[in-house]
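This is work10.cif (mmCIF, C-alpha atoms).
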data_protein
#
loop_
_atom_site.label_atom_id
_atom_site.label_comp_id
_atom_site.auth_asym_id
_atom_site.auth_seq_id
_atom_site.Cartn_x
_atom_site.Cartn_y
_atom_site.Cartn_z
CA MET Q 862 -47.58 6.45 -10.65
CA LYS Q 863 -49.30 4.92 -7.59
CA GLU Q 864 -51.74 3.01 -9.77
CA GLU Q 865 -48.87 1.70 -11.88
CA LEU Q 866 -46.90 0.66 -8.80
CA LYS Q 867 -49.91 -1.34 -7.60
CA ILE Q 868 -49.93 -3.25 -10.90
CA PHE Q 869 -46.14 -3.78 -10.83
CA TYR Q 870 -46.46 -5.11 -7.30
CA ARG Q 871 -49.14 -7.60 -8.33
CA ILE Q 872 -47.24 -8.73 -11.44
CA PHE Q 873 -43.87 -9.23 -9.77
CA THR Q 874 -45.37 -10.96 -6.74
CA GLU Q 875 -47.22 -13.33 -9.07
CA THR Q 876 -44.17 -14.00 -11.21
CA LYS Q 877 -42.14 -14.77 -8.09
CA ASP Q 878 -44.60 -17.58 -7.31
CA ALA Q 879 -44.45 -18.67 -10.94
CA ILE Q 880 -40.62 -18.92 -10.80
CA GLU Q 881 -40.88 -21.14 -7.74
CA LYS Q 882 -43.36 -23.46 -9.49
CA PHE Q 883 -41.11 -23.63 -12.56
CA MET Q 884 -37.95 -24.28 -10.51
CA ASN Q 885 -39.70 -27.02 -8.55
CA MET Q 886 -40.69 -28.63 -11.85
CA LEU Q 887 -37.12 -28.40 -13.19
CA ASP Q 888 -35.45 -29.74 -10.06
CA PRO Q 889 -36.19 -33.47 -10.61
CA VAL Q 890 -35.51 -33.06 -14.33
CA ILE Q 891 -31.97 -31.90 -13.52
CA GLN Q 892 -31.47 -34.60 -10.89
CA ASN Q 893 -32.57 -37.31 -13.34
CA ALA Q 894 -31.00 -35.92 -16.52
CA THR Q 895 -29.87 -38.65 -18.89
CA ASP Q 896 -26.81 -36.82 -20.25
CA ASP Q 897 -24.54 -33.84 -19.57
CA HIS Q 898 -26.13 -31.63 -22.22
CA GLU Q 899 -29.62 -32.08 -20.83
CA ARG Q 900 -28.36 -31.51 -17.29
CA LEU Q 901 -26.50 -28.31 -18.20
CA TYR Q 902 -29.41 -27.03 -20.27
CA TYR Q 903 -31.99 -27.21 -17.47
CA HIS Q 904 -29.49 -26.30 -14.79
CA HIS Q 905 -28.68 -23.16 -16.78
CA ILE Q 906 -32.34 -22.15 -17.05
CA PHE Q 907 -32.81 -22.98 -13.37
CA GLU Q 908 -29.92 -20.68 -12.42
CA GLU Q 909 -31.14 -17.81 -14.57
CA GLU Q 910 -34.53 -18.01 -12.86
CA GLU Q 911 -32.81 -18.26 -9.49
CA GLN Q 912 -30.93 -15.03 -10.29
CA ARG Q 913 -34.23 -13.39 -11.26
CA LEU Q 914 -35.87 -14.63 -8.06
CA SER Q 915 -33.13 -13.08 -5.94
CA ARG Q 916 -33.54 -9.75 -7.75
CA LEU Q 917 -37.32 -9.81 -7.22
CA VAL Q 918 -36.78 -10.40 -3.51
CA GLU Q 919 -35.12 -6.94 -3.52
CA LEU Q 920 -37.43 -5.28 -6.03
CA ILE Q 921 -40.81 -6.15 -4.50
CA PRO Q 922 -40.15 -4.35 -1.17
CA LEU Q 923 -38.80 -1.37 -3.15
CA ILE Q 924 -42.07 -1.17 -5.09
CA SER Q 925 -43.98 -1.41 -1.78
CA LYS Q 926 -41.91 1.38 -0.34
CA PHE Q 927 -42.74 3.71 -3.24
CA GLU Q 928 -46.41 2.70 -3.09
CA LYS Q 929 -46.46 4.21 0.40
CA GLU Q 930 -44.80 7.51 -0.62
CA LYS Q 931 -47.14 10.41 -0.06
CA ASP Q 932 -45.09 13.04 -1.82
CA GLU Q 933 -45.33 13.20 -5.62
CA LYS Q 934 -41.88 14.77 -5.80
CA ASP Q 935 -40.39 11.42 -4.76
CA PHE Q 936 -41.46 10.10 -8.16
CA ALA Q 937 -38.81 12.00 -10.07
CA PRO Q 938 -35.45 11.14 -11.65
CA THR Q 939 -33.84 13.60 -9.24
CA ASN Q 940 -34.57 11.00 -6.55
CA ASN Q 941 -31.80 8.40 -6.80
CA GLU Q 942 -33.88 5.65 -5.31
CA PHE Q 943 -36.65 6.28 -7.83
CA ASN Q 944 -34.05 6.04 -10.60
CA ARG Q 945 -32.96 2.72 -9.19
CA LEU Q 946 -36.58 1.56 -9.15
CA LEU Q 947 -36.98 2.46 -12.84
CA GLN Q 948 -33.72 0.71 -13.74
CA GLU Q 949 -34.77 -2.43 -11.90
CA LEU Q 950 -38.21 -2.40 -13.51
CA ASN Q 951 -36.62 -2.06 -16.96
CA LEU Q 952 -34.37 -5.01 -16.14
CA GLU Q 953 -37.26 -7.15 -14.90
CA LYS Q 954 -39.19 -6.47 -18.09
CA PHE Q 955 -36.49 -8.58 -19.75
CA GLY Q 956 -36.66 -11.03 -16.87
CA LEU Q 957 -40.33 -11.60 -17.76
CA HIS Q 958 -39.53 -11.78 -21.48
CA ASN Q 959 -36.86 -14.40 -20.88
CA PHE Q 960 -39.18 -16.33 -18.57
CA VAL Q 961 -41.79 -16.58 -21.35
CA GLU Q 962 -39.08 -18.01 -23.60
CA HIS Q 963 -37.91 -20.45 -20.90
CA LEU Q 964 -41.50 -21.66 -20.63
CA ASP Q 965 -41.80 -21.96 -24.42
CA LEU Q 966 -38.60 -23.99 -24.54
CA ALA Q 967 -39.85 -26.22 -21.73
CA LEU Q 968 -43.15 -26.74 -23.58
CA PHE Q 969 -41.27 -28.47 -26.39
CA ARG Q 970 -40.06 -31.11 -23.98
CA PHE Q 971 -42.66 -31.54 -21.24
CA THR Q 972 -45.68 -32.59 -23.23
CA ASP Q 973 -47.38 -34.71 -20.54
CA GLU Q 974 -50.71 -33.27 -19.49
CA GLU Q 975 -49.77 -32.26 -15.96
CA ARG Q 976 -46.64 -30.31 -16.83
CA SER Q 977 -47.84 -28.86 -20.14
CA THR Q 978 -51.03 -27.62 -18.45
CA MET Q 979 -49.02 -25.88 -15.76
CA LEU Q 980 -46.47 -24.48 -18.22
CA ASN Q 981 -49.18 -23.19 -20.55
CA GLN Q 982 -50.96 -21.53 -17.68
CA LEU Q 983 -47.75 -19.84 -16.48
CA ARG Q 984 -46.95 -18.89 -20.06
CA LYS Q 985 -50.34 -17.26 -20.63
CA VAL Q 986 -50.13 -15.11 -17.49
CA SER Q 987 -46.43 -14.27 -17.98
CA TYR Q 988 -46.97 -13.19 -21.57
CA GLN Q 989 -49.84 -10.88 -20.56
CA ASP Q 990 -47.75 -9.51 -17.70
CA TYR Q 991 -44.79 -8.94 -19.99
CA GLN Q 992 -46.97 -7.02 -22.45
CA GLN Q 993 -48.42 -4.90 -19.67
CA VAL Q 994 -45.03 -4.16 -18.08
CA LYS Q 995 -43.62 -3.26 -21.51
CA ALA Q 996 -46.48 -0.85 -22.28
CA MET Q 997 -46.35 0.75 -18.83
CA LEU Q 998 -42.58 1.22 -18.96
CA ASN Q 999 -42.74 2.70 -22.47
CA GLU Q 1000 -45.10 5.28 -21.11
CA ILE Q 1001 -43.17 5.87 -17.86
CA ASN Q 1002 -39.79 6.11 -19.63
CA SER Q 1003 -41.18 8.73 -22.03
CA ARG Q 1004 -42.88 10.62 -19.18
CA PHE Q 1005 -39.67 10.86 -17.19
CA ASP Q 1006 -37.48 11.32 -20.25
CA THR Q 1007 -35.01 8.74 -18.97
CA ASN Q 1008 -33.09 8.30 -22.26
CA TYR Q 1009 -33.80 4.61 -21.89
CA VAL Q 1010 -33.03 2.66 -25.06
CA ASP Q 1011 -34.77 -0.70 -25.36
CA PRO Q 1012 -32.32 -3.24 -26.81
CA HIS Q 1013 -35.25 -5.30 -28.11
CA ALA Q 1014 -37.11 -2.47 -29.81
CA HIS Q 1015 -35.90 -3.56 -33.25
CA HIS Q 1016 -37.53 -6.96 -32.73
CA ASP Q 1017 -40.88 -5.34 -32.07
CA GLU Q 1018 -41.02 -2.99 -35.05
CA GLU Q 1019 -43.38 -5.11 -37.11
CA HIS Q 1020 -44.20 -8.09 -34.98
CA ASP Q 1021 -44.22 -9.37 -31.45
CA HIS Q 1022 -42.30 -12.65 -31.76
CA LEU Q 1023 -43.69 -14.00 -28.49
CA ASP Q 1024 -47.28 -13.60 -29.67
CA ARG Q 1025 -48.97 -16.98 -30.00
CA SER Q 1026 -52.42 -15.72 -30.91
CA GLY Q 1027 -53.47 -17.34 -34.16
CA THR Q 1028 -51.12 -20.25 -33.63
CA ALA Q 1029 -51.80 -23.60 -31.99
CA PRO Q 1030 -52.34 -22.81 -28.33
CA VAL Q 1031 -50.73 -25.81 -26.68
CA ALA Q 1032 -47.06 -26.85 -26.55
CA THR Q 1033 -46.26 -25.23 -29.89
CA PRO Q 1034 -44.37 -22.00 -29.43
CA ALA Q 1035 -44.77 -19.69 -32.38
CA ALA Q 1036 -42.00 -19.65 -34.90
CA VAL Q 1037 -39.67 -16.88 -33.95
CA ASN Q 1038 -40.08 -14.07 -36.40
CA LEU Q 1039 -36.67 -13.02 -37.58
CA LYS Q 1040 -37.77 -10.81 -40.45
CA ASN Q 1041 -36.91 -7.71 -38.47
CA LYS Q 1042 -33.46 -9.03 -37.81
CA LYS Q 1043 -32.52 -8.71 -41.46
CA GLY Q 1044 -30.10 -5.88 -41.81
CA PHE Q 1045 -29.58 -5.76 -38.06
CA THR Q 1046 -25.97 -5.68 -37.04
CA VAL Q 1047 -24.67 -5.83 -33.54
CA GLY Q 1048 -23.06 -2.45 -34.10
CA SER Q 1049 -26.44 -0.83 -34.64
CA LEU Q 1050 -27.26 -1.42 -30.99
CA ILE Q 1051 -24.42 0.65 -29.70
CA MET X 74 -10.24 0.56 -6.09
CA LYS X 75 -8.53 2.21 -9.10
CA GLU X 76 -6.53 -0.94 -9.83
CA GLU X 77 -9.69 -3.04 -9.65
CA LEU X 78 -11.57 -0.64 -11.94
CA LYS X 79 -8.78 -1.00 -14.49
CA ILE X 80 -9.24 -4.79 -14.45
CA PHE X 81 -13.06 -4.50 -14.65
CA TYR X 82 -12.66 -2.16 -17.62
CA ARG X 83 -10.42 -4.64 -19.43
CA ILE X 84 -12.65 -7.62 -18.67
CA PHE X 85 -15.93 -5.99 -19.69
CA THR X 86 -14.44 -4.44 -22.83
CA GLU X 87 -13.12 -7.85 -23.84
CA THR X 88 -16.37 -9.64 -23.08
CA LYS X 89 -18.24 -7.07 -25.15
CA ASP X 90 -16.14 -8.11 -28.16
CA ALA X 91 -16.70 -11.76 -27.24
CA ILE X 92 -20.49 -11.27 -27.23
CA GLU X 93 -20.31 -9.77 -30.71
CA LYS X 94 -18.31 -12.75 -32.00
CA PHE X 95 -20.77 -15.18 -30.42
CA MET X 96 -23.84 -13.32 -31.76
CA ASN X 97 -22.32 -13.22 -35.24
CA MET X 98 -21.79 -16.98 -35.02
CA LEU X 99 -25.39 -17.56 -33.88
CA ASP X 100 -26.98 -15.32 -36.48
CA PRO X 101 -26.77 -17.73 -39.47
CA VAL X 102 -27.67 -20.65 -37.15
CA ILE X 103 -30.95 -18.90 -36.30
CA GLN X 104 -31.61 -17.93 -39.93
CA ASN X 105 -31.07 -21.52 -41.09
CA ALA X 106 -32.66 -23.35 -38.17
CA THR X 107 -34.33 -26.57 -39.23
CA ASP X 108 -37.20 -26.44 -36.74
CA ASP X 109 -39.02 -24.08 -34.36
CA HIS X 110 -37.36 -25.47 -31.25
CA GLU X 111 -33.84 -24.96 -32.58
CA ARG X 112 -34.75 -21.48 -33.81
CA LEU X 113 -36.23 -20.42 -30.46
CA TYR X 114 -33.34 -21.95 -28.54
CA TYR X 115 -30.60 -19.98 -30.31
CA HIS X 116 -32.76 -16.89 -30.69
CA HIS X 117 -33.31 -16.93 -26.94
CA ILE X 118 -29.58 -17.15 -26.19
CA PHE X 119 -28.93 -14.45 -28.81
CA GLU X 120 -31.42 -12.13 -27.11
CA GLU X 121 -29.99 -12.71 -23.65
CA GLU X 122 -26.54 -11.79 -24.92
CA GLU X 123 -28.04 -8.80 -26.72
CA GLN X 124 -29.51 -7.63 -23.40
CA ARG X 125 -26.12 -8.09 -21.76
CA LEU X 126 -24.41 -6.17 -24.56
CA SER X 127 -26.76 -3.22 -24.11
CA ARG X 128 -26.06 -3.17 -20.36
CA LEU X 129 -22.30 -3.23 -20.97
CA VAL X 130 -22.64 -0.27 -23.32
CA GLU X 131 -23.82 1.66 -20.23
CA LEU X 132 -21.50 0.02 -17.70
CA ILE X 133 -18.16 0.46 -19.49
CA PRO X 134 -18.33 4.30 -19.58
CA LEU X 135 -19.43 4.25 -15.92
CA ILE X 136 -16.30 2.25 -15.01
CA SER X 137 -14.21 4.74 -17.05
CA LYS X 138 -15.78 7.62 -15.23
CA PHE X 139 -14.85 6.18 -11.82
CA GLU X 140 -11.35 5.34 -13.04
CA LYS X 141 -10.85 9.09 -13.53
CA GLU X 142 -12.13 10.05 -10.07
CA LYS X 143 -9.38 11.67 -8.04
CA ASP X 144 -11.19 11.73 -4.75
CA GLU X 145 -11.22 8.51 -2.70
CA LYS X 146 -14.44 9.59 -1.00
CA ASP X 147 -16.29 9.01 -4.29
CA PHE X 148 -15.63 5.30 -3.75
CA ALA X 149 -18.15 4.94 -0.96
CA PRO X 150 -21.67 3.59 -0.62
CA THR X 151 -22.79 7.09 0.38
CA ASN X 152 -22.21 8.02 -3.26
CA ASN X 153 -25.33 6.87 -5.14
CA GLU X 154 -23.52 6.52 -8.43
CA PHE X 155 -20.88 4.31 -6.82
CA ASN X 156 -23.68 2.15 -5.41
CA ARG X 157 -25.11 1.87 -8.89
CA LEU X 158 -21.68 0.84 -10.20
CA LEU X 159 -21.43 -1.93 -7.58
CA GLN X 160 -24.95 -3.14 -8.37
CA GLU X 161 -24.20 -3.27 -12.08
CA LEU X 162 -20.91 -5.09 -11.50
CA ASN X 163 -22.69 -7.67 -9.33
CA LEU X 164 -25.25 -8.13 -12.10
CA GLU X 165 -22.59 -8.52 -14.79
CA LYS X 166 -20.81 -11.16 -12.75
CA PHE X 167 -23.90 -13.27 -13.50
CA GLY X 168 -23.81 -12.04 -17.09
CA LEU X 169 -20.34 -13.58 -17.39
CA HIS X 170 -21.43 -16.76 -15.59
CA ASN X 171 -24.38 -17.18 -17.93
CA PHE X 172 -22.15 -16.46 -20.95
CA VAL X 173 -19.81 -19.32 -19.95
CA GLU X 174 -22.85 -21.61 -19.83
CA HIS X 175 -24.13 -20.33 -23.20
CA LEU X 176 -20.71 -21.17 -24.65
CA ASP X 177 -20.74 -24.62 -23.01
CA LEU X 178 -24.19 -25.31 -24.44
CA ALA X 179 -23.02 -24.16 -27.88
CA LEU X 180 -19.97 -26.44 -27.64
CA PHE X 181 -22.28 -29.46 -27.54
CA ARG X 182 -23.65 -28.55 -30.93
CA PHE X 183 -20.92 -26.77 -32.91
CA THR X 184 -18.21 -29.39 -33.04
CA ASP X 185 -16.63 -28.35 -36.35
CA GLU X 186 -13.07 -27.15 -35.94
CA GLU X 187 -13.62 -23.48 -36.77
CA ARG X 188 -16.50 -22.89 -34.40
CA SER X 189 -15.37 -25.16 -31.58
CA THR X 190 -11.92 -23.51 -31.62
CA MET X 191 -13.49 -20.07 -31.33
CA LEU X 192 -15.99 -21.17 -28.68
CA ASN X 193 -13.31 -22.90 -26.60
CA GLN X 194 -11.13 -19.81 -26.77
CA LEU X 195 -14.00 -17.54 -25.69
CA ARG X 196 -14.90 -20.05 -22.99
CA LYS X 197 -11.40 -20.14 -21.57
CA VAL X 198 -11.10 -16.36 -21.30
CA SER X 199 -14.67 -15.90 -20.03
CA TYR X 200 -14.27 -18.51 -17.33
CA GLN X 201 -11.05 -16.87 -16.08
CA ASP X 202 -12.73 -13.46 -16.21
CA TYR X 203 -15.75 -14.77 -14.31
CA GLN X 204 -13.52 -16.20 -11.59
CA GLN X 205 -11.61 -12.96 -11.30
CA VAL X 206 -14.73 -10.78 -11.20
CA LYS X 207 -16.27 -13.09 -8.59
CA ALA X 208 -13.17 -12.93 -6.35
CA MET X 209 -12.83 -9.15 -6.72
CA LEU X 210 -16.50 -8.55 -5.96
CA ASN X 211 -16.43 -10.84 -2.93
CA GLU X 212 -13.64 -8.70 -1.59
CA ILE X 213 -15.23 -5.36 -2.57
CA ASN X 214 -18.66 -6.33 -1.20
CA SER X 215 -17.13 -7.27 2.14
CA ARG X 216 -14.98 -4.12 2.20
CA PHE X 217 -17.98 -1.86 1.63
CA ASP X 218 -20.32 -3.96 3.74
CA THR X 219 -23.01 -3.81 1.05
CA ASN X 220 -25.19 -6.59 2.49
CA TYR X 221 -24.96 -8.19 -0.91
CA VAL X 222 -26.21 -11.79 -0.92
CA ASP X 223 -24.96 -13.92 -3.78
CA PRO X 224 -27.83 -16.11 -5.03
CA HIS X 225 -25.31 -18.64 -6.37
CA ALA X 226 -23.22 -18.94 -3.23
CA HIS X 227 -24.83 -22.26 -2.31
CA HIS X 228 -23.62 -23.74 -5.61
CA ASP X 229 -20.05 -22.80 -4.83
CA GLU X 230 -19.80 -24.21 -1.32
CA GLU X 231 -17.91 -27.34 -2.27
CA HIS X 232 -17.30 -27.09 -5.97
CA ASP X 233 -17.26 -24.68 -8.86
CA HIS X 234 -19.59 -26.34 -11.33
CA LEU X 235 -18.15 -24.40 -14.26
CA ASP X 236 -14.65 -25.66 -13.60
CA ARG X 237 -13.43 -27.85 -16.44
CA SER X 238 -9.92 -28.46 -15.17
CA GLY X 239 -9.35 -32.18 -14.97
CA THR X 240 -12.06 -32.92 -17.50
CA ALA X 241 -11.79 -33.29 -21.26
CA PRO X 242 -10.80 -29.85 -22.53
CA VAL X 243 -12.68 -29.69 -25.81
CA ALA X 244 -16.41 -29.61 -26.46
CA THR X 245 -17.20 -31.54 -23.30
CA PRO X 246 -18.60 -29.24 -20.66
CA ALA X 247 -18.13 -30.62 -17.20
CA ALA X 248 -21.02 -32.45 -15.69
CA VAL X 249 -22.93 -29.96 -13.63
CA ASN X 250 -22.31 -30.65 -10.02
CA LEU X 251 -25.61 -30.79 -8.26
CA LYS X 252 -24.41 -32.28 -5.02
CA ASN X 253 -24.74 -28.94 -3.32
CA LYS X 254 -28.27 -28.61 -4.54
CA LYS X 255 -29.44 -31.48 -2.39
CA GLY X 256 -31.55 -30.12 0.37
CA PHE X 257 -31.75 -26.76 -1.34
CA THR X 258 -35.24 -25.38 -1.52
CA VAL X 259 -36.34 -22.26 -3.29
CA GLY X 260 -37.48 -20.85 0.01
CA SER X 261 -33.93 -20.98 1.40
CA LEU X 262 -32.92 -18.25 -1.02
CA ILE X 263 -35.33 -15.70 0.34
#
Mind turning the file's structure into structure tokens?
Amino acid sequence: MKEELKIFYRIFTETKDAIEKFMNMLDPVIQNATDDHERLYYHHIFEEEEQRLSRLVELIPLISKFEKEKDEKDFAPTNNEFNRLLQELNLEKFGLHNFVEHLDLALFRFTDEERSTMLNQLRKVSYQDYQQVKAMLNEINSRFDTNYVDPHAHHDEEHDHLDRSGTAPVATPAAVNLKNKKGFTVGSLI
Amino acid sequence: MKEELKIFYRIFTETKDAIEKFMNMLDPVIQNATDDHERLYYHHIFEEEEQRLSRLVELIPLISKFEKEKDEKDFAPTNNEFNRLLQELNLEKFGLHNFVEHLDLALFRFTDEERSTMLNQLRKVSYQDYQQVKAMLNEINSRFDTNYVDPHAHHDEEHDHLDRSGTAPVATPAAVNLKNKKGFTVGSLI
């Protein structure tokens, strides 16, 4: 678990910096929006990332705290704080997923070299980090038998819809694969 | 606390139904999207609401469980499960806030009578519910001295940017008030 915590710490510290870069890019876009729809759209994304940032400000010290634990028995679902850590990590997996999509959406609009270069760079790192967090949490959740049900699992059955490998690498988010959604009903989640 | 739990139960049960209505409306929009940007945009909102739905499926029984507690001492931050309940409620306050914005964004696009009527109705209820949850949690967080810091508080200082009273009531989300954002830096959140 210590090795995994070290990786989580690195990923969530990096993504915290990435949020700040993204928010700083969005700020003048919101200030200079040409209509209400555009303003609300970027303001909404800005606020979602702001919410994520405030959660990470709590999560990162919690990861640090567990990194320093000497006793293996602290890494157990009988420890309430460890449970909280796992819950927060599962939540921030989606935070990373949603961030990748926010970046993809932004790449449709900000096609100038400066912003698209930055967005693509953040997108590349965030996508890798999301994949790594997802794989690690799959393994951790099964190890600790947490009964965790991933609400996105049905999207991943055949295809990772965020995967851009094999598609144009710049400013062209992959078509979202909705094949797996066929036959999916909201009720099936419950 | 019992009376408040009863209201939380009603609000989150209702919003769960509202999510399902909204997702069912978005589903054919995603299937029939005319380009990648449109498809990703609605798919992204769909997934965020799907994440929220899966959290509510856990939260609603937790609220029920606390509604049945006979002992007032269970409603205390020394009870880890009660802490978890408060954390989840604070998170779902943002879930409701983001839902109102998803509905506002949808109202820009779906101006036909059937969909705009449904969206406006969901918007009206969700906005009221968000305001009520926000007020109740402000009071509860101060009562239990949870050190909770609201990452949106700076937006609310002078004006509620989701408030549509006094603006056109249909399909015209209020201009986002960014006055309070002036002088805000990401660092000030931390």
If you measure from CA of Glu212 (chain X) to CA of Lys138 (chain X), what distance in Å do you get, rounded to one decimal? 21.4 Å
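Note on the selection: in this file the PyMOL selection byres ((chain Q and resi 942) around 12) comes out as Leu920, Leu923, Ile924, Lys926, Phe927, Asp935, Phe936, Ala937, Pro938, Thr939, Asn940, Asn941, Phe943, Asn944, Arg945, Leu946, Leu947, Gln948 and Glu949 of chain Q; Asn153, Glu154, Asn156 and Arg157 of chain X.
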Proximity to chain Q - best of X:Glu76, X:Glu145, X:Glu187, X:Asp100, all atoms listed in the file: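 Smallest distance to chain Q is found for X:Asp100.
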Box dimensions and centre (Å, one decimal) enclosing region 883-887 of chain Q, axis-aligned, 3 Å extra per side, as AutoDock Vina command-line options:
--center_x -39.1 --center_y -26.1 --center_z -10.9 --size_x 10.0 --size_y 11.0 --size_z 10.6
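Closest approach to Asp1011 (chain Q) among X:Leu126, X:Leu192, X:Ile118, X:Ile80 is made by X:Leu126 (distances from all atoms listed in the file).
In terms of minimum interatomic distance to chain X, Q:Arg970 ranks closest within Q:Lys863, Q:Arg1025, Q:Lys934, Q:Arg970, counting only C-alpha atoms.
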Using all atoms listed in the file, the shortest atom-to-atom distance to Asp90 (chain X) among X:Ala226, X:Val130, X:Tyr200, X:Leu178 belongs to X:Val130
For chain Q, the nearest of the candidates X:Phe119, X:Phe217, X:Phe181, X:Phe81, counting all atoms listed in the file: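 Checking each of X:Phe119, X:Phe217, X:Phe181, X:Phe81 against chain Q, counting all atoms listed in the file, the winner is X:Phe181.
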Using all atoms listed in the file, which of X:Ser189, X:Asn97, X:Thr107, X:Asn211 sits nearest chain Q?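 Among X:Ser189, X:Asn97, X:Thr107, X:Asn211, it is X:Asn97 that comes nearest to chain Q.
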Gap from CA of Leu901 (chain Q) to CA of Leu210 (chain X) - Å, one decimal: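 Spanning CA of Leu901 (chain Q) to CA of Leu210 (chain X) is a straight-line distance of 25.3 Å.
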Residues around (-15.7, -11.5, -12.6), cut-off 12 Å, counting only C-alpha atoms - what are they as an mmCIF file with C-alpha atoms, in the coordinates of the input?
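The result, written out as part.cif:
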data_model
loop_
_atom_site.group_PDB
_atom_site.id
_atom_site.type_symbol
_atom_site.label_atom_id
_atom_site.label_comp_id
_atom_site.auth_asym_id
_atom_site.auth_seq_id
_atom_site.Cartn_x
_atom_site.Cartn_y
_atom_site.Cartn_z
ATOM 1 C CA GLU X 77 -9.690 -3.040 -9.650
ATOM 2 C CA LEU X 78 -11.570 -0.640 -11.940
ATOM 3 C CA ILE X 80 -9.240 -4.790 -14.450
ATOM 4 C CA PHE X 81 -13.060 -4.500 -14.650
ATOM 5 C CA TYR X 82 -12.660 -2.160 -17.620
ATOM 6 C CA ARG X 83 -10.420 -4.640 -19.430
ATOM 7 C CA ILE X 84 -12.650 -7.620 -18.670
ATOM 8 C CA PHE X 85 -15.930 -5.990 -19.690
ATOM 9 C CA THR X 88 -16.370 -9.640 -23.080
ATOM 10 C CA GLU X 161 -24.200 -3.270 -12.080
ATOM 11 C CA LEU X 162 -20.910 -5.090 -11.500
ATOM 12 C CA ASN X 163 -22.690 -7.670 -9.330
ATOM 13 C CA LEU X 164 -25.250 -8.130 -12.100
ATOM 14 C CA GLU X 165 -22.590 -8.520 -14.790
ATOM 15 C CA LYS X 166 -20.810 -11.160 -12.750
ATOM 16 C CA PHE X 167 -23.900 -13.270 -13.500
ATOM 17 C CA GLY X 168 -23.810 -12.040 -17.090
ATOM 18 C CA LEU X 169 -20.340 -13.580 -17.390
ATOM 19 C CA HIS X 170 -21.430 -16.760 -15.590
ATOM 20 C CA ASN X 171 -24.380 -17.180 -17.930
ATOM 21 C CA PHE X 172 -22.150 -16.460 -20.950
ATOM 22 C CA VAL X 173 -19.810 -19.320 -19.950
ATOM 23 C CA VAL X 198 -11.100 -16.360 -21.300
ATOM 24 C CA SER X 199 -14.670 -15.900 -20.030
ATOM 25 C CA TYR X 200 -14.270 -18.510 -17.330
ATOM 26 C CA GLN X 201 -11.050 -16.870 -16.080
ATOM 27 C CA ASP X 202 -12.730 -13.460 -16.210
ATOM 28 C CA TYR X 203 -15.750 -14.770 -14.310
ATOM 29 C CA GLN X 204 -13.520 -16.200 -11.590
ATOM 30 C CA GLN X 205 -11.610 -12.960 -11.300
ATOM 31 C CA VAL X 206 -14.730 -10.780 -11.200
ATOM 32 C CA LYS X 207 -16.270 -13.090 -8.590
ATOM 33 C CA ALA X 208 -13.170 -12.930 -6.350
ATOM 34 C CA MET X 209 -12.830 -9.150 -6.720
ATOM 35 C CA LEU X 210 -16.500 -8.550 -5.960
ATOM 36 C CA ASN X 211 -16.430 -10.840 -2.930
ATOM 37 C CA GLU X 212 -13.640 -8.700 -1.590
ATOM 38 C CA ILE X 213 -15.230 -5.360 -2.570
#
Quick one, how far is CA of Leu176 (chain X) from CA of Val102 (chain X)? 14.3 Å
List, as a PyMOL selection string, every residue that the PyMOL selection byres ((chain Q and resi 900) around 12) selects in the file provided. (chain Q and resi 887-899+901-908) or (chain X and resi 174+177-178+234+246-251)
What does the file look like for those residues with C-alpha atoms, as a CSV table (one decimal), in the coordinates of the input?
chain,number,residue,atom,x,y,z
Q,887,LEU,CA,-37.1,-28.4,-13.2
Q,888,ASP,CA,-35.4,-29.7,-10.1
Q,889,PRO,CA,-36.2,-33.5,-10.6
Q,890,VAL,CA,-35.5,-33.1,-14.3
Q,891,ILE,CA,-32.0,-31.9,-13.5
Q,892,GLN,CA,-31.5,-34.6,-10.9
Q,893,ASN,CA,-32.6,-37.3,-13.3
Q,894,ALA,CA,-31.0,-35.9,-16.5
Q,895,THR,CA,-29.9,-38.6,-18.9
Q,896,ASP,CA,-26.8,-36.8,-20.2
Q,897,ASP,CA,-24.5,-33.8,-19.6
Q,898,HIS,CA,-26.1,-31.6,-22.2
Q,899,GLU,CA,-29.6,-32.1,-20.8
Q,901,LEU,CA,-26.5,-28.3,-18.2
Q,902,TYR,CA,-29.4,-27.0,-20.3
Q,903,TYR,CA,-32.0,-27.2,-17.5
Q,904,HIS,CA,-29.5,-26.3,-14.8
Q,905,HIS,CA,-28.7,-23.2,-16.8
Q,906,ILE,CA,-32.3,-22.2,-17.0
Q,907,PHE,CA,-32.8,-23.0,-13.4
Q,908,GLU,CA,-29.9,-20.7,-12.4
X,174,GLU,CA,-22.8,-21.6,-19.8
X,177,ASP,CA,-20.7,-24.6,-23.0
X,178,LEU,CA,-24.2,-25.3,-24.4
X,234,HIS,CA,-19.6,-26.3,-11.3
X,246,PRO,CA,-18.6,-29.2,-20.7
X,247,ALA,CA,-18.1,-30.6,-17.2
X,248,ALA,CA,-21.0,-32.4,-15.7
X,249,VAL,CA,-22.9,-30.0,-13.6
X,250,ASN,CA,-22.3,-30.6,-10.0
X,251,LEU,CA,-25.6,-30.8,-8.3
Please evaluate the PyMOL selection byres ((chain Q and resi 981) around 8) against the displayed coordinates and give the resulting residues as a ChimeraX atom specification. /Q:964,968,977-980,982-985,1031-1032
